[in-house]
Structures are given as C-alpha cells and as structure tokens.
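Student: Got a structure for you, final_3.cif, holding mmCIF, C-alpha atoms.
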data_data
loop_
_atom_site.group_PDB
_atom_site.id
_atom_site.type_symbol
_atom_site.label_atom_id
_atom_site.label_comp_id
_atom_site.auth_asym_id
_atom_site.auth_seq_id
_atom_site.Cartn_x
_atom_site.Cartn_y
_atom_site.Cartn_z
ATOM 1 C CA MET A 197 9.642 16.491 -12.788
ATOM 2 C CA THR A 198 8.550 20.088 -12.682
ATOM 3 C CA LYS A 199 5.270 21.913 -13.005
ATOM 4 C CA GLU A 200 6.385 22.959 -16.507
ATOM 5 C CA ALA A 201 6.985 19.328 -17.507
ATOM 6 C CA LEU A 202 3.398 18.463 -16.584
ATOM 7 C CA LEU A 203 1.998 21.497 -18.415
ATOM 8 C CA ASN A 204 4.050 20.657 -21.527
ATOM 9 C CA THR A 205 2.896 17.043 -21.394
ATOM 10 C CA LYS A 206 -0.747 18.072 -21.163
ATOM 11 C CA GLU A 207 -0.387 20.284 -24.240
ATOM 12 C CA ARG A 208 1.603 17.650 -26.174
ATOM 13 C CA ILE A 209 -0.852 14.777 -25.758
ATOM 14 C CA SER A 210 -4.108 16.728 -26.052
ATOM 15 C CA PRO A 211 -4.603 15.904 -29.776
ATOM 16 C CA LEU A 212 -4.390 12.148 -29.029
ATOM 17 C CA ILE A 213 -6.685 11.898 -25.989
ATOM 18 C CA HIS A 214 -10.167 12.713 -24.767
ATOM 19 C CA ARG A 215 -10.803 15.147 -21.943
ATOM 20 C CA THR A 216 -12.906 12.791 -19.858
ATOM 21 C CA PRO A 217 -15.975 13.739 -17.807
ATOM 22 C CA VAL A 218 -16.220 14.022 -14.025
ATOM 23 C CA LEU A 219 -19.296 12.384 -12.486
ATOM 24 C CA SER A 220 -20.792 12.443 -9.013
ATOM 25 C CA SER A 221 -23.726 10.710 -7.330
ATOM 26 C CA THR A 222 -25.859 11.983 -4.470
ATOM 27 C CA GLN A 223 -26.551 8.400 -3.439
ATOM 28 C CA LEU A 224 -22.890 7.379 -3.392
ATOM 29 C CA ASN A 225 -22.011 10.545 -1.464
ATOM 30 C CA LYS A 226 -24.666 9.634 1.101
ATOM 31 C CA ILE A 227 -23.348 6.070 1.425
ATOM 32 C CA ALA A 228 -19.733 7.271 1.775
ATOM 33 C CA ARG A 229 -20.656 10.321 3.927
ATOM 34 C CA THR A 230 -18.477 12.548 1.769
ATOM 35 C CA SER A 231 -18.353 14.325 -1.627
ATOM 36 C CA ILE A 232 -16.758 12.233 -4.375
ATOM 37 C CA PHE A 233 -15.870 13.366 -7.887
ATOM 38 C CA PHE A 234 -15.126 10.450 -10.219
ATOM 39 C CA LYS A 235 -12.703 11.250 -13.076
ATOM 40 C CA CYS A 236 -13.995 8.823 -15.685
ATOM 41 C CA GLU A 237 -10.980 7.501 -17.578
ATOM 42 C CA ASN A 238 -13.140 4.525 -18.578
ATOM 43 C CA PHE A 239 -14.337 6.963 -21.282
ATOM 44 C CA GLN A 240 -10.763 7.595 -22.451
ATOM 45 C CA LYS A 241 -9.645 6.394 -25.908
ATOM 46 C CA MET A 242 -9.081 2.596 -25.653
ATOM 47 C CA GLY A 243 -10.977 2.717 -22.366
ATOM 48 C CA ALA A 244 -8.331 3.605 -19.762
ATOM 49 C CA PHE A 245 -5.993 6.319 -18.413
ATOM 50 C CA LYS A 246 -3.049 4.383 -19.919
ATOM 51 C CA MET A 247 -3.639 6.201 -23.221
ATOM 52 C CA ARG A 248 -2.193 9.350 -21.637
ATOM 53 C CA GLY A 249 1.153 7.834 -20.658
ATOM 54 C CA ALA A 250 1.489 5.812 -23.847
ATOM 55 C CA ALA A 251 0.746 8.862 -26.021
ATOM 56 C CA ASN A 252 3.368 10.941 -24.204
ATOM 57 C CA ALA A 253 6.030 8.228 -24.423
ATOM 58 C CA ILE A 254 5.445 7.691 -28.143
ATOM 59 C CA LEU A 255 5.355 11.407 -28.980
ATOM 60 C CA ASN A 256 8.745 11.785 -27.249
ATOM 61 C CA LEU A 257 10.469 9.139 -29.415
ATOM 62 C CA SER A 258 13.214 10.209 -31.821
ATOM 63 C CA ASP A 259 12.758 9.668 -35.585
ATOM 64 C CA LYS A 260 15.176 6.711 -35.438
ATOM 65 C CA GLN A 261 13.238 5.127 -32.568
ATOM 66 C CA LYS A 262 9.967 5.574 -34.461
ATOM 67 C CA GLU A 263 11.463 3.684 -37.422
ATOM 68 C CA ASN A 264 12.302 0.656 -35.264
ATOM 69 C CA GLY A 265 8.980 0.617 -33.437
ATOM 70 C CA VAL A 266 8.201 -0.020 -29.778
ATOM 71 C CA VAL A 267 7.690 -2.985 -27.487
ATOM 72 C CA THR A 268 5.970 -3.311 -24.121
ATOM 73 C CA HIS A 269 4.638 -5.992 -21.807
ATOM 74 C CA SER A 270 1.174 -5.598 -20.321
ATOM 75 C CA SER A 271 -1.804 -7.624 -19.146
ATOM 76 C CA GLY A 272 -4.096 -5.427 -21.164
ATOM 77 C CA ASN A 273 -4.670 -1.697 -20.843
ATOM 78 C CA PHE A 274 -1.139 -0.427 -21.541
ATOM 79 C CA ALA A 275 -0.957 -2.972 -24.359
ATOM 80 C CA GLN A 276 -4.035 -1.399 -25.925
ATOM 81 C CA ALA A 277 -2.810 2.142 -25.268
ATOM 82 C CA VAL A 278 0.601 1.570 -26.886
ATOM 83 C CA SER A 279 -1.012 -0.203 -29.836
ATOM 84 C CA LEU A 280 -3.435 2.665 -30.471
ATOM 85 C CA ALA A 281 -0.951 5.505 -29.876
ATOM 86 C CA ALA A 282 1.554 3.747 -32.161
ATOM 87 C CA GLN A 283 -1.084 3.180 -34.846
ATOM 88 C CA MET A 284 -2.068 6.876 -34.718
ATOM 89 C CA ASN A 285 1.595 7.772 -35.350
ATOM 90 C CA GLY A 286 2.358 5.102 -37.970
ATOM 91 C CA ILE A 287 4.694 3.150 -35.659
ATOM 92 C CA LYS A 288 4.976 -0.633 -35.273
ATOM 93 C CA ALA A 289 3.990 -1.922 -31.794
ATOM 94 C CA ASN A 290 5.106 -5.298 -30.407
ATOM 95 C CA ILE A 291 3.081 -6.328 -27.365
ATOM 96 C CA VAL A 292 4.069 -9.069 -24.899
ATOM 97 C CA MET A 293 0.983 -10.328 -23.036
ATOM 98 C CA PRO A 294 0.739 -12.985 -20.313
ATOM 99 C CA SER A 295 -1.329 -16.070 -21.138
ATOM 100 C CA THR A 296 -3.782 -14.980 -18.407
ATOM 101 C CA ALA A 297 -4.572 -11.627 -20.077
ATOM 102 C CA PRO A 298 -8.345 -11.278 -20.613
ATOM 103 C CA LYS A 299 -9.398 -12.279 -24.138
ATOM 104 C CA VAL A 300 -11.297 -9.002 -24.533
ATOM 105 C CA LYS A 301 -8.012 -7.118 -24.035
ATOM 106 C CA GLN A 302 -6.082 -9.379 -26.417
ATOM 107 C CA GLU A 303 -8.715 -8.829 -29.126
ATOM 108 C CA ALA A 304 -8.609 -5.073 -28.570
ATOM 109 C CA VAL A 305 -4.799 -5.031 -28.957
ATOM 110 C CA LYS A 306 -5.140 -6.831 -32.296
ATOM 111 C CA GLY A 307 -7.836 -4.363 -33.324
ATOM 112 C CA TYR A 308 -5.428 -1.465 -32.691
ATOM 113 C CA GLY A 309 -2.741 -3.128 -34.818
ATOM 114 C CA GLY A 310 -0.538 -4.452 -32.011
ATOM 115 C CA LEU A 311 1.552 -7.566 -32.747
ATOM 116 C CA ILE A 312 1.044 -9.915 -29.785
ATOM 117 C CA THR A 313 3.578 -12.333 -28.261
ATOM 118 C CA ILE A 314 2.035 -14.555 -25.551
ATOM 119 C CA CYS A 315 4.242 -15.555 -22.593
ATOM 120 C CA PRO A 316 3.818 -17.324 -19.221
ATOM 121 C CA PRO A 317 2.176 -15.094 -16.580
ATOM 122 C CA THR A 318 5.212 -14.010 -14.555
ATOM 123 C CA ILE A 319 7.014 -10.664 -14.524
ATOM 124 C CA ARG A 320 10.282 -12.467 -15.337
ATOM 125 C CA ASP A 321 8.792 -14.129 -18.453
ATOM 126 C CA ARG A 322 7.220 -10.873 -19.603
ATOM 127 C CA GLU A 323 10.508 -9.004 -19.299
ATOM 128 C CA ALA A 324 12.503 -11.767 -20.999
ATOM 129 C CA ALA A 325 10.131 -11.850 -23.980
ATOM 130 C CA ALA A 326 10.267 -8.045 -24.329
ATOM 131 C CA ILE A 327 14.110 -8.025 -24.154
ATOM 132 C CA LYS A 328 14.250 -10.673 -26.890
ATOM 133 C CA ILE A 329 12.124 -8.501 -29.201
ATOM 134 C CA VAL A 330 14.290 -5.445 -28.446
ATOM 135 C CA GLN A 331 17.425 -7.432 -29.350
ATOM 136 C CA GLU A 332 15.897 -8.802 -32.562
ATOM 137 C CA THR A 333 14.233 -5.623 -33.875
ATOM 138 C CA GLY A 334 15.919 -2.638 -32.205
ATOM 139 C CA ALA A 335 12.496 -1.567 -30.921
ATOM 140 C CA THR A 336 12.345 0.878 -27.995
ATOM 141 C CA PHE A 337 11.017 -0.651 -24.779
ATOM 142 C CA LEU A 338 8.197 1.308 -23.116
ATOM 143 C CA HIS A 339 7.582 0.343 -19.502
ATOM 144 C CA PRO A 340 3.887 0.420 -18.514
ATOM 145 C CA SER A 341 4.523 2.338 -15.279
ATOM 146 C CA ASN A 342 8.225 2.861 -14.524
ATOM 147 C CA ASP A 343 8.942 5.491 -17.180
ATOM 148 C CA LEU A 344 8.972 9.239 -16.551
ATOM 149 C CA ASP A 345 7.166 10.085 -19.833
ATOM 150 C CA VAL A 346 4.436 7.584 -18.906
ATOM 151 C CA ILE A 347 4.185 8.929 -15.341
ATOM 152 C CA LEU A 348 3.859 12.544 -16.574
ATOM 153 C CA GLY A 349 1.246 11.519 -19.145
ATOM 154 C CA ASN A 350 -0.750 9.708 -16.465
ATOM 155 C CA GLY A 351 -0.637 12.808 -14.271
ATOM 156 C CA THR A 352 -2.695 14.796 -16.786
ATOM 157 C CA ALA A 353 -5.910 13.034 -15.681
ATOM 158 C CA ALA A 354 -5.564 14.602 -12.226
ATOM 159 C CA MET A 355 -4.654 17.949 -13.840
ATOM 160 C CA GLU A 356 -8.007 17.988 -15.642
ATOM 161 C CA LEU A 357 -9.784 16.877 -12.469
ATOM 162 C CA LEU A 358 -8.233 19.724 -10.455
ATOM 163 C CA GLU A 359 -9.180 22.216 -13.188
ATOM 164 C CA ASP A 360 -12.804 21.094 -12.737
ATOM 165 C CA GLN A 361 -12.621 20.740 -8.919
ATOM 166 C CA PRO A 362 -9.719 22.894 -7.653
ATOM 167 C CA ASP A 363 -10.495 22.524 -3.934
ATOM 168 C CA LEU A 364 -10.169 18.744 -3.530
ATOM 169 C CA ASN A 365 -8.756 17.524 -0.206
ATOM 170 C CA TYR A 366 -7.718 14.117 -1.540
ATOM 171 C CA ILE A 367 -7.256 12.307 -4.836
ATOM 172 C CA LEU A 368 -7.332 8.517 -4.726
ATOM 173 C CA THR A 369 -6.089 6.107 -7.381
ATOM 174 C CA PRO A 370 -5.550 2.370 -7.572
ATOM 175 C CA VAL A 371 -1.943 1.191 -7.197
ATOM 176 C CA GLY A 372 -0.503 -1.490 -9.482
ATOM 177 C CA GLY A 373 2.811 -0.683 -11.129
ATOM 178 C CA GLY A 374 2.747 2.796 -9.563
ATOM 179 C CA GLY A 375 2.599 4.924 -12.725
ATOM 180 C CA LEU A 376 -0.833 6.409 -12.077
ATOM 181 C CA VAL A 377 -0.430 7.113 -8.367
ATOM 182 C CA ALA A 378 3.022 8.680 -8.987
ATOM 183 C CA GLY A 379 1.734 10.944 -11.782
ATOM 184 C CA THR A 380 -1.309 11.886 -9.715
ATOM 185 C CA ALA A 381 0.846 12.662 -6.680
ATOM 186 C CA LEU A 382 3.091 14.985 -8.717
ATOM 187 C CA THR A 383 0.023 16.767 -10.080
ATOM 188 C CA ALA A 384 -1.598 17.118 -6.648
ATOM 189 C CA HIS A 385 1.696 18.501 -5.291
ATOM 190 C CA TYR A 386 2.126 21.112 -8.035
ATOM 191 C CA PHE A 387 -1.483 22.025 -8.842
ATOM 192 C CA GLY A 388 -3.556 21.122 -5.769
ATOM 193 C CA ASP A 389 -4.378 23.377 -2.838
ATOM 194 C CA ASN A 390 -2.964 21.194 -0.028
ATOM 195 C CA CYS A 391 -4.454 18.210 -1.890
ATOM 196 C CA LYS A 392 -3.122 14.835 -0.710
ATOM 197 C CA THR A 393 -2.763 11.669 -2.794
ATOM 198 C CA ILE A 394 -3.786 8.273 -1.414
ATOM 199 C CA GLY A 395 -3.459 4.884 -3.099
ATOM 200 C CA GLY A 396 -5.827 1.945 -2.879
ATOM 201 C CA GLU A 397 -4.461 -1.599 -3.073
ATOM 202 C CA PRO A 398 -5.825 -5.145 -2.684
ATOM 203 C CA PHE A 399 -4.610 -6.976 0.439
ATOM 204 C CA VAL A 400 -3.472 -9.953 -1.648
ATOM 205 C CA VAL A 401 -1.107 -7.783 -3.752
ATOM 206 C CA ASP A 402 -0.083 -5.177 -1.155
ATOM 207 C CA ASP A 403 3.526 -4.773 -2.326
ATOM 208 C CA ALA A 404 3.258 -0.965 -2.510
ATOM 209 C CA TYR A 405 1.905 -0.773 1.049
ATOM 210 C CA ARG A 406 4.806 -2.928 2.269
ATOM 211 C CA SER A 407 7.304 -0.975 0.140
ATOM 212 C CA LEU A 408 6.379 2.280 1.878
ATOM 213 C CA LEU A 409 6.847 0.587 5.268
ATOM 214 C CA SER A 410 10.189 -1.043 4.457
ATOM 215 C CA GLY A 411 11.641 1.744 2.325
ATOM 216 C CA LYS A 412 12.513 -0.652 -0.495
ATOM 217 C CA ILE A 413 10.568 -2.135 -3.428
ATOM 218 C CA GLU A 414 8.747 -5.286 -2.285
ATOM 219 C CA SER A 415 7.146 -7.976 -4.432
ATOM 220 C CA ASN A 416 4.131 -10.298 -4.096
ATOM 221 C CA GLU A 417 4.102 -14.049 -3.494
ATOM 222 C CA SER A 418 0.710 -14.344 -5.195
ATOM 223 C CA THR A 419 -1.224 -12.308 -7.761
ATOM 224 C CA ASP A 420 -4.609 -13.867 -7.034
ATOM 225 C CA THR A 421 -6.773 -10.731 -7.096
ATOM 226 C CA ILE A 422 -9.847 -9.870 -9.135
ATOM 227 C CA ALA A 423 -8.150 -6.502 -9.822
ATOM 228 C CA ASP A 424 -6.139 -7.843 -12.775
ATOM 229 C CA GLY A 425 -4.616 -4.429 -13.532
ATOM 230 C CA LEU A 426 -2.926 -4.254 -10.106
ATOM 231 C CA ARG A 427 -0.801 -7.410 -10.182
ATOM 232 C CA THR A 428 2.480 -5.648 -11.037
ATOM 233 C CA ASN A 429 5.238 -4.137 -8.878
ATOM 234 C CA LEU A 430 6.570 -0.627 -8.301
ATOM 235 C CA GLY A 431 9.701 0.523 -10.131
ATOM 236 C CA ASP A 432 12.829 2.495 -9.287
ATOM 237 C CA ILE A 433 11.577 5.617 -11.126
ATOM 238 C CA ASN A 434 8.085 5.848 -9.622
ATOM 239 C CA PHE A 435 8.882 4.552 -6.120
ATOM 240 C CA PRO A 436 10.849 7.674 -4.992
ATOM 241 C CA ILE A 437 7.954 9.871 -6.192
ATOM 242 C CA ILE A 438 5.489 7.705 -4.260
ATOM 243 C CA GLN A 439 7.672 7.810 -1.134
ATOM 244 C CA LYS A 440 7.849 11.594 -1.289
ATOM 245 C CA HIS A 441 4.336 12.564 -2.356
ATOM 246 C CA VAL A 442 1.827 9.774 -1.532
ATOM 247 C CA GLU A 443 0.319 10.163 1.938
ATOM 248 C CA GLU A 444 -0.687 6.522 2.466
ATOM 249 C CA ILE A 445 -1.957 3.358 0.830
ATOM 250 C CA ILE A 446 -5.220 1.823 2.060
ATOM 251 C CA ARG A 447 -5.671 -1.918 1.570
ATOM 252 C CA VAL A 448 -9.015 -3.546 0.775
ATOM 253 C CA THR A 449 -10.316 -7.108 0.543
ATOM 254 C CA GLU A 450 -11.570 -8.850 -2.585
ATOM 255 C CA GLU A 451 -15.120 -8.700 -1.182
ATOM 256 C CA GLU A 452 -14.814 -4.945 -0.612
ATOM 257 C CA ILE A 453 -13.562 -4.452 -4.192
ATOM 258 C CA ILE A 454 -16.508 -6.388 -5.655
ATOM 259 C CA ALA A 455 -19.038 -4.528 -3.480
ATOM 260 C CA ALA A 456 -17.582 -1.143 -4.489
ATOM 261 C CA MET A 457 -17.532 -2.138 -8.167
ATOM 262 C CA ARG A 458 -21.173 -3.185 -8.007
ATOM 263 C CA LEU A 459 -22.176 0.102 -6.353
ATOM 264 C CA ILE A 460 -20.483 2.111 -9.132
ATOM 265 C CA TRP A 461 -22.235 0.027 -11.825
ATOM 266 C CA GLU A 462 -25.616 0.368 -10.082
ATOM 267 C CA ARG A 463 -25.511 4.029 -9.026
ATOM 268 C CA LEU A 464 -23.293 5.762 -11.611
ATOM 269 C CA LYS A 465 -24.543 3.502 -14.456
ATOM 270 C CA ILE A 466 -21.065 3.145 -15.918
ATOM 271 C CA ILE A 467 -18.820 0.162 -16.706
ATOM 272 C CA VAL A 468 -15.686 0.026 -14.573
ATOM 273 C CA GLU A 469 -12.994 -2.610 -14.098
ATOM 274 C CA PRO A 470 -12.410 -4.231 -10.694
ATOM 275 C CA SER A 471 -9.103 -2.305 -10.414
ATOM 276 C CA CYS A 472 -11.006 1.023 -10.603
ATOM 277 C CA ALA A 473 -13.250 0.080 -7.704
ATOM 278 C CA VAL A 474 -10.284 -0.261 -5.316
ATOM 279 C CA PRO A 475 -9.961 3.446 -4.359
ATOM 280 C CA PHE A 476 -13.736 3.748 -3.881
ATOM 281 C CA ALA A 477 -13.610 0.625 -1.685
ATOM 282 C CA ALA A 478 -10.862 2.390 0.316
ATOM 283 C CA VAL A 479 -13.107 5.427 0.877
ATOM 284 C CA LEU A 480 -15.974 3.189 2.029
ATOM 285 C CA LYS A 481 -13.598 1.344 4.379
ATOM 286 C CA GLU A 482 -12.214 4.532 5.978
ATOM 287 C CA LYS A 483 -15.391 6.637 6.135
ATOM 288 C CA SER A 484 -14.317 8.558 9.243
ATOM 289 C CA LYS A 485 -11.084 9.701 7.557
ATOM 290 C CA PHE A 486 -12.894 11.114 4.532
ATOM 291 C CA GLN A 487 -16.085 12.353 6.191
ATOM 292 C CA GLU A 488 -17.241 15.716 4.813
ATOM 293 C CA LYS A 489 -14.126 16.098 2.633
ATOM 294 C CA LYS A 490 -13.981 16.686 -1.119
ATOM 295 C CA ILE A 491 -12.467 13.659 -2.818
ATOM 296 C CA GLY A 492 -11.393 12.930 -6.365
ATOM 297 C CA ILE A 493 -11.194 9.331 -7.542
ATOM 298 C CA ILE A 494 -9.517 8.376 -10.806
ATOM 299 C CA ILE A 495 -11.718 5.729 -12.448
ATOM 300 C CA SER A 496 -8.792 4.111 -14.201
ATOM 301 C CA GLY A 497 -10.515 2.061 -16.906
ATOM 302 C CA GLY A 498 -13.547 0.178 -18.182
ATOM 303 C CA ASN A 499 -12.190 -2.740 -20.185
ATOM 304 C CA VAL A 500 -14.134 -5.564 -18.560
ATOM 305 C CA ASP A 501 -14.517 -9.169 -19.675
ATOM 306 C CA LEU A 502 -18.315 -9.208 -19.505
ATOM 307 C CA GLY A 503 -18.278 -13.021 -19.447
ATOM 308 C CA LYS A 504 -16.484 -12.960 -16.090
ATOM 309 C CA LEU A 505 -18.369 -10.420 -14.004
ATOM 310 C CA PRO A 506 -18.101 -11.055 -10.247
ATOM 311 C CA PHE A 507 -21.810 -10.317 -9.691
#
Just give me the structure of the file as structure tokens.

Tutor:
Amino acid sequence: MTKEALLNTKERISPLIHRTPVLSSTQLNKIARTSIFFKCENFQKMGAFKMRGAANAILNLSDKQKENGVVTHSSGNFAQAVSLAAQMNGIKANIVMPSTAPKVKQEAVKGYGGLITICPPTIRDREAAAIKIVQETGATFLHPSNDLDVILGNGTAAMELLEDQPDLNYILTPVGGGGLVAGTALTAHYFGDNCKTIGGEPFVVDDAYRSLLSGKIESNESTDTIADGLRTNLGDINFPIIQKHVEEIIRVTEEEIIAAMRLIWERLKIIVEPSCAVPFAAVLKEKSKFQEKKIGIIISGGNVDLGKLPF
C-alpha cells in the first residue's frame, strides 16, 4: 500500500476507464458556505467509480485465473463493473445479485455479458452463492470492497481529483463496504497536502461509524436505507486502512440524503444515486466544520432506477 502501488494502478487501468470531470456550482457553494469540487464518477464507464477497482482486479489476474473466469456478489454497481471489465478482457463473469437489486442494474449486468445468479437479500446468502460458483467452476472471487486491488483502483478517482485541485482540505466519500473511502484515504495520505478524508453514512446503516468507535467490525440489524449502495459491511482488509487514515464518519438521515440528492439534480443538472448524495448531505449538516474550506466530494455513481425516484 505504497505511493508507487497507487501510481502503478493509475497507469495500469487508464486504458479501461474514463478520466471523469470535476464540477462545481456557485449556488451549491453558497448554500453550503464552502467551496465544493464534485468528482463525477457518475460519468465513469458503466456509471460508477466501481469500474476502477474492478478493472485493476481483473488486470491483475493470472492467465490461469482468466481462463476460469471471475465471480462476485453485488447489489448493482460492482456487478456491472466486473461484467464490463471482464467483457473487455474476454473473461467470463458470474454475478450473484440479491433479489432486491434494482432492475435497471440487473439489466445493465446482462448487457455487459454478466451471468446472473439471484439470491435472497442477505450478506450470508450472497456469500454462499458465490462460494458455490467458485467450487463448481474454479472462478476467482472478487470482493466488491475488501480486496487490495479493488481499493487501489478506487483510489485513482481521488488521485485525479487532487491533480485537478491539489490544495483540498477534505475529500468526502460515501461509506458502504469501505472500498472507496479506504482507497480515497490512502490517496489523500500520499498525494494530498494535509488533506483529510471523511466518510458519509446513513444513520440506519451506520456500521462503519460504530466500527470506528468500538475498534472492531460491526454489522447492521437493518438495511432499510434509500442509499442502496451502502447496505454492506466493512472488511478486514479495508478496516485497518480506515482506522488509520479516515478522520471521521458523519451520519445523515434519510430525509437529509433525499434533500441533498435533489439539490445536486437541480443545481448541477446531473443524475446521481442516493448513495452519492450522502457526503454532500454530511457537508450540509456540518456547515460550521467545512466553512470556507476547499472540499472534494466523490460522486460515486449515477445508476438510478428512474421509476423509483424519491422526489
């Protein structure tokens, strides 16, 4: 987990990804009383930052592993990313998806050539289905967030952001499985100028917030949040990185997430998922903390089920 590893990752995956734009809004800056630079990973290939981690993991497979294909479990964005990155490299991708995964994401996975297995919507069922496929096919399991190649790939979004805005005081990301916030925190540590990483998390799935308090990986009793990408838990690879390099995690309500999402749609004129609105909601909630600072926010993705908008 060195500076060189991040630089090598950035070079390795560049042929498979877009360098995404950074947007800002005078109106949103006025509302938040700060300067925000949105790294728009909703414009990434397949519509989310997950393409970066998936591309890095797949490019690091051995020839034998490529022959046997890959398997992952995901509610949507990593499923799409693995399917597309595998298709671009001529590799078979088996994708375990919970029955609650948005239809738009299931259709996209099929469009990228992923072979879907539907399972009940629990982490245990997802893992069991993926293990079964590994045993039957010899496929390599790619974890959506608890995998060092994935974490390093994810960190390249913040690398590009810091190249465009080198003097950021904070970078904020949503926190689900922990792969994005861990990669971002490593990048901010190695490439930022005293730049701190903060996570945003819904109150109803605040396992990462509680994990930092307790010093061990916590889980959630419920996953009833509109931020469908943030219903997963931290892992033993990303949690130590988060403990060491993430300053804090700010929790927000469902109402605050929806209000922040609506503001981004209205003022930036871009499509973002509820999960992406969480860090912006955190900035709006803690205005005094961020006042007159320079802030980067990773807009994590834009794969929205337009039939289920919350406004």

Student: Mind telling me what the PyMOL selection byres ((chain A and resi 431) around 12) catches here, as a PDB file with C-alpha atoms, in the frame of the given file?

Tutor:
ATOM      1  CA  HIS A 339       7.582   0.343 -19.502  1.00  0.00           C
ATOM      2  CA  PRO A 340       3.887   0.420 -18.514  1.00  0.00           C
ATOM      3  CA  SER A 341       4.523   2.338 -15.279  1.00  0.00           C
ATOM      4  CA  ASN A 342       8.225   2.861 -14.524  1.00  0.00           C
ATOM      5  CA  ASP A 343       8.942   5.491 -17.180  1.00  0.00           C
ATOM      6  CA  LEU A 344       8.972   9.239 -16.551  1.00  0.00           C
ATOM      7  CA  ILE A 347       4.185   8.929 -15.341  1.00  0.00           C
ATOM      8  CA  GLY A 372      -0.503  -1.490  -9.482  1.00  0.00           C
ATOM      9  CA  GLY A 373       2.811  -0.683 -11.129  1.00  0.00           C
ATOM     10  CA  GLY A 374       2.747   2.796  -9.563  1.00  0.00           C
ATOM     11  CA  GLY A 375       2.599   4.924 -12.725  1.00  0.00           C
ATOM     12  CA  ALA A 378       3.022   8.680  -8.987  1.00  0.00           C
ATOM     13  CA  ASP A 403       3.526  -4.773  -2.326  1.00  0.00           C
ATOM     14  CA  ALA A 404       3.258  -0.965  -2.510  1.00  0.00           C
ATOM     15  CA  SER A 407       7.304  -0.975   0.140  1.00  0.00           C
ATOM     16  CA  LYS A 412      12.513  -0.652  -0.495  1.00  0.00           C
ATOM     17  CA  ILE A 413      10.568  -2.135  -3.428  1.00  0.00           C
ATOM     18  CA  GLU A 414       8.747  -5.286  -2.285  1.00  0.00           C
ATOM     19  CA  SER A 415       7.146  -7.976  -4.432  1.00  0.00           C
ATOM     20  CA  THR A 428       2.480  -5.648 -11.037  1.00  0.00           C
ATOM     21  CA  ASN A 429       5.238  -4.137  -8.878  1.00  0.00           C
ATOM     22  CA  LEU A 430       6.570  -0.627  -8.301  1.00  0.00           C
ATOM     23  CA  ASP A 432      12.829   2.495  -9.287  1.00  0.00           C
ATOM     24  CA  ILE A 433      11.577   5.617 -11.126  1.00  0.00           C
ATOM     25  CA  ASN A 434       8.085   5.848  -9.622  1.00  0.00           C
ATOM     26  CA  PHE A 435       8.882   4.552  -6.120  1.00  0.00           C
ATOM     27  CA  PRO A 436      10.849   7.674  -4.992  1.00  0.00           C
ATOM     28  CA  ILE A 437       7.954   9.871  -6.192  1.00  0.00           C
ATOM     29  CA  ILE A 438       5.489   7.705  -4.260  1.00  0.00           C
ATOM     30  CA  GLN A 439       7.672   7.810  -1.134  1.00  0.00           C
TER      31      GLN A 439
END

Student: Using all atoms listed in the file for the distances, tell me which of A:His441, A:Gln240, A:Asn290, A:Ile394 is nearest to Thr336 in chain A.

Tutor: A:Asn290

Student: My list of candidates is A:Val330, A:Thr318, A:Phe476, A:Thr419. Which is closest to Ile367 in chain A when distances are computed with all atoms listed in the file?

Tutor: A:Phe476

Student: With distances taken over only C-alpha atoms, which of A:Ala473, A:Ile312, A:Ala275, A:Val266 is nearest to Val371 in chain A?

Tutor: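 Ranking A:Ala473, A:Ile312, A:Ala275, A:Val266 by distance to Val371 in chain A, first place goes to A:Ala473.
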
Student: Please write out, as JSON, where the centre of an axis-aligned box around all listed atoms of range 441-453 of chain A lies and how long its edges are, in Å to one decimal, after adding 6 Å on each side.

Tutor:
{"center_x": -5.4, "center_y": 1.9, "center_z": -0.9, "size_x": 31.5, "size_y": 33.4, "size_z": 18.7}

Student: Can you write out as a tab-separated table which residues of range 302-369 of chain A fall within 9 Å of range 283-289 of chain A, alongside each residue's closest atom pair and its distance in Å to one decimal, counting all atoms listed in the file and ordering rows by chain and ascending residue number?

Tutor:
residue	atom	partner	partner_atom	distance
A:Tyr308	CA	A:Gln283	CA	6.7
A:Gly309	CA	A:Gln283	CA	6.5
A:Gly310	CA	A:Ala289	CA	5.2
A:Leu311	CA	A:Ala289	CA	6.2
A:Ile312	CA	A:Ala289	CA	8.8
A:Ala335	CA	A:Ala289	CA	8.6

Student: Using C-alpha atoms, can you write the selected residues to a file as a PDB file, keeping the file's coordinate frame?

Tutor:
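Saved the output as part37.pdb:
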ATOM      1  CA  TYR A 308      -5.428  -1.465 -32.691  1.00  0.00           C
ATOM      2  CA  GLY A 309      -2.741  -3.128 -34.818  1.00  0.00           C
ATOM      3  CA  GLY A 310      -0.538  -4.452 -32.011  1.00  0.00           C
ATOM      4  CA  LEU A 311       1.552  -7.566 -32.747  1.00  0.00           C
ATOM      5  CA  ILE A 312       1.044  -9.915 -29.785  1.00  0.00           C
ATOM      6  CA  ALA A 335      12.496  -1.567 -30.921  1.00  0.00           C
TER       7      ALA A 335
END

Student: Counting only C-alpha atoms, which residue out of A:Lys306, A:Lys299, A:Lys235, A:Arg458 sits closest to Leu219 in chain A?

Tutor: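 The shortest atom-to-atom distance to Leu219 in chain A comes from A:Lys235.
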
Student: Would you translate the PyMOL selection byres ((chain A and resi 337) around 12) into the concrete set of residues it matches in this file, as a VMD selection string?

Tutor: chain A and resid 250 253 to 254 257 261 to 262 264 to 270 278 289 to 292 323 to 331 333 to 336 338 to 343

Student: Name the residues in contact with Thr383 in chain A at a cut-off of 12 Å, using all atoms listed in the file, excluding same-chain residues fewer than 6 positions from it; report them as a ChimeraX atom specification.

Tutor: /A:197-203,205-206,347-359,362,366-367,376-377,389-393,437,441-442

Student: Name the residues in contact with Ile493 in chain A at a cut-off of 7 Å, using only C-alpha atoms, excluding same-chain residues fewer than 6 positions from it; report them as a VMD selection string.

Tutor: chain A and resid 233 to 235 367 to 369 475

Student: Using all atoms listed in the file, can you tell me which of A:Ile495, A:Ile453, A:Ala381, A:Leu426 comes closest to Lys440 in chain A?

Tutor: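 Result for the nearest residue to Lys440 in chain A: A:Ala381.
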